[in-house]
Every structure is written in C-alpha cells, then in structure tokens.
Amino acid sequence: MLTRIDHIGIACHDLDATVEFYRSTYGFEVFHSEVNEEQGVREAMLKINDTSDGGASYLQLLEPTRPDSTVAKWLDKNGEGVHHIAFGTADVDGDAADIRSKGVRVLYEEPRRGSMGSRITFLHPKDCHGVLTELVTSAPVESPEH
C-alpha cells in the first residue's frame, strides 16, 4: 500500500521568497518547478532525500495563480503553512478504492495529473483527523527539470 511520505505541501503567497527561505535556511534546492493550470498553482518541488522504494521525499511549495483555486481559498482562510501531506503508492487507483471502501471520502472519482507527471487523488480532511491527505503514484524521474 503506502510506501513513503512523498511530500509535504506548503501553501505560500510568494513562491520565489519561500523558495529562497528554504534554500538559504536549510540548503534545499529546487528539483522541479511547474505551473499546474488545472489546480491553479505555481509550484516548486524541493527534494529532501531519496527513498528505499526508488522514489523521493519533497517539500512542495504552492503559490496560487488565480483567486478561485483551492490553494488561494485555503490561504485566505488559514494563511501560509502546511496545506497537506502526500503518501507515495505504486497504485493510486487501487489504494484509493481500498481506502474508499473503509468509509473515507476520496475527493476525485478518477486520479488526476499531479507534479512531475504523477497521478494523484486527495482524501477528505474531515475523514483524516483534519489533515488533507494526498495519494501519489510518481512518474519515473530520470533527471531534474527546472
């Protein structure tokens, strides 16, 4: 089932300033960045370490690109900070179905495209003790993209 913490999502108002904080304070570098139009965010993935299952663990910094995005609404309500936790899985479809069968609401009927070509879905925070939880099946990553 779940194999690792894939990433911790952090919502921010200014992606460039937040990246600089993590770079200058902790030495983390941007491994990948992109704009996800569907989700209305500009994001940077900061690689923390490789994992034993061939994946990696990241910090995902998220800046909204439009005021109606989920992250923009979350920032308006909560301010900057931890937005979600994501667990890696080899089978997002199967694990989402299994978790749904246990009474947890899965927010997407079918997984969607996530960072770096991954497939993702989210679990309702009210069913996960207040934590927005993401399930991620990573796409193979051969080299960093910027």
# chains A, B, ... in the order shown; residues from 1 in each chain; ligands from 1
$ residues_around --residues "A:Ala90" --least-positions-apart "5" --cutoff "12 Å" --atoms "only C-alpha atoms" --output "list in words"
Met1, Leu2, Thr3, Arg4, Asp6, Asp53, Gly54, Gly55, Asp95, Ala96, Ser118, Arg119, Ile120, Leu135, Val136, Thr137, Ser138, Ala139 and Pro140 of chain A
$ residues_around --residues "A:Glu63" --least-positions-apart "4" --cutoff "8 Å" --atoms "only C-alpha atoms" --output "list of chain:residue names"
A:Ala11, A:Cys12, A:His13, A:Asp14, A:Leu15, A:Val41, A:Arg42, A:Glu43, A:Val71, A:Ala72
$ write_last_selection --atoms "all heavy atoms" --output "mmCIF file, in the first residue's frame"
data_model
loop_
_atom_site.group_PDB
_atom_site.id
_atom_site.type_symbol
_atom_site.label_atom_id
_atom_site.label_comp_id
_atom_site.auth_asym_id
_atom_site.auth_seq_id
_atom_site.Cartn_x
_atom_site.Cartn_y
_atom_site.Cartn_z
ATOM 1 N N ALA A 11 1.491 25.873 1.472
ATOM 2 C CA ALA A 11 0.880 26.984 0.745
ATOM 3 C C ALA A 11 1.607 28.277 1.088
ATOM 4 O O ALA A 11 1.937 28.517 2.257
ATOM 5 C CB ALA A 11 -0.601 27.097 1.096
ATOM 6 N N CYS A 12 1.849 29.102 0.075
ATOM 7 C CA CYS A 12 2.550 30.364 0.298
ATOM 8 C C CYS A 12 1.998 31.447 -0.627
ATOM 9 O O CYS A 12 1.414 31.150 -1.663
ATOM 10 C CB CYS A 12 4.052 30.191 0.100
ATOM 11 S SG CYS A 12 4.550 29.679 -1.560
ATOM 12 N N HIS A 13 2.216 32.695 -0.237
ATOM 13 C CA HIS A 13 1.788 33.830 -1.063
ATOM 14 C C HIS A 13 2.808 34.168 -2.139
ATOM 15 O O HIS A 13 2.440 34.640 -3.214
ATOM 16 C CB HIS A 13 1.552 35.068 -0.195
ATOM 17 C CG HIS A 13 0.387 34.936 0.732
ATOM 18 N ND1 HIS A 13 -0.914 34.871 0.297
ATOM 19 C CD2 HIS A 13 0.329 34.852 2.072
ATOM 20 C CE1 HIS A 13 -1.722 34.753 1.333
ATOM 21 N NE2 HIS A 13 -0.995 34.725 2.426
ATOM 22 N N ASP A 14 4.095 33.959 -1.854
ATOM 23 C CA ASP A 14 5.176 34.354 -2.759
ATOM 24 C C ASP A 14 6.133 33.174 -2.912
ATOM 25 O O ASP A 14 6.977 32.932 -2.048
ATOM 26 C CB ASP A 14 5.896 35.576 -2.198
ATOM 27 C CG ASP A 14 6.996 36.103 -3.093
ATOM 28 O OD1 ASP A 14 7.566 35.348 -3.898
ATOM 29 O OD2 ASP A 14 7.313 37.312 -2.972
ATOM 30 N N LEU A 15 5.997 32.440 -4.004
ATOM 31 C CA LEU A 15 6.795 31.235 -4.214
ATOM 32 C C LEU A 15 8.291 31.535 -4.225
ATOM 33 O O LEU A 15 9.073 30.834 -3.580
ATOM 34 C CB LEU A 15 6.386 30.559 -5.524
ATOM 35 C CG LEU A 15 7.078 29.225 -5.823
ATOM 36 C CD1 LEU A 15 6.695 28.168 -4.813
ATOM 37 C CD2 LEU A 15 6.745 28.769 -7.236
ATOM 38 N N VAL A 41 -2.117 26.566 -9.583
ATOM 39 C CA VAL A 41 -0.954 26.811 -8.727
ATOM 40 C C VAL A 41 0.334 26.861 -9.544
ATOM 41 O O VAL A 41 0.453 26.228 -10.595
ATOM 42 C CB VAL A 41 -0.784 25.748 -7.618
ATOM 43 C CG1 VAL A 41 -1.938 25.785 -6.639
ATOM 44 C CG2 VAL A 41 -0.592 24.355 -8.191
ATOM 45 N N ARG A 42 1.271 27.607 -8.996
ATOM 46 C CA ARG A 42 2.666 27.571 -9.429
ATOM 47 C C ARG A 42 3.385 26.876 -8.294
ATOM 48 O O ARG A 42 3.144 27.173 -7.124
ATOM 49 C CB ARG A 42 3.181 28.997 -9.615
ATOM 50 C CG ARG A 42 4.563 29.083 -10.201
ATOM 51 C CD ARG A 42 4.897 30.516 -10.631
ATOM 52 N NE ARG A 42 5.218 31.372 -9.524
ATOM 53 C CZ ARG A 42 6.450 31.779 -9.208
ATOM 54 N NH1 ARG A 42 7.486 31.418 -9.946
ATOM 55 N NH2 ARG A 42 6.643 32.569 -8.184
ATOM 56 N N GLU A 43 4.241 25.924 -8.617
ATOM 57 C CA GLU A 43 4.819 25.120 -7.551
ATOM 58 C C GLU A 43 6.301 24.870 -7.765
ATOM 59 O O GLU A 43 6.803 24.935 -8.884
ATOM 60 C CB GLU A 43 4.092 23.794 -7.416
ATOM 61 C CG GLU A 43 4.229 22.909 -8.630
ATOM 62 C CD GLU A 43 3.497 21.603 -8.452
ATOM 63 O OE1 GLU A 43 2.271 21.573 -8.689
ATOM 64 O OE2 GLU A 43 4.158 20.612 -8.099
ATOM 65 N N VAL A 71 -5.980 26.341 -3.349
ATOM 66 C CA VAL A 71 -4.891 26.846 -2.508
ATOM 67 C C VAL A 71 -5.127 28.313 -2.141
ATOM 68 O O VAL A 71 -4.888 28.723 -0.999
ATOM 69 C CB VAL A 71 -3.515 26.631 -3.181
ATOM 70 C CG1 VAL A 71 -2.408 27.330 -2.407
ATOM 71 C CG2 VAL A 71 -3.222 25.136 -3.291
ATOM 72 N N ALA A 72 -5.625 29.119 -3.073
ATOM 73 C CA ALA A 72 -5.918 30.532 -2.764
ATOM 74 C C ALA A 72 -6.988 30.636 -1.678
ATOM 75 O O ALA A 72 -6.857 31.419 -0.734
ATOM 76 C CB ALA A 72 -6.373 31.269 -4.018
#
$ closest_residue --among "A:Glu38, A:Thr18, A:Asp93, A:Thr133" --to "A:Asp68" --atoms "only C-alpha atoms"
A:Glu38
$ select_by_dssp --residues "chain A" --states "alpha helix (DSSP H)" --output "PyMOL selection string"
chain A and resi 15-26+70-78+92-101
$ atom_distance --atom1 "atom CA of A:Glu34" --atom2 "atom CA of A:Glu134"
18.4 Å
$ closest_residue --among "A:Thr51, A:Ser115, A:Ala56, A:Gly9" --to "A:Gly81" --atoms "only C-alpha atoms"
A:Gly9
$ select_by_dssp --residues "stretch 17-140 of chain A" --states "strand (DSSP E or B)" --output "count of residues only"
48
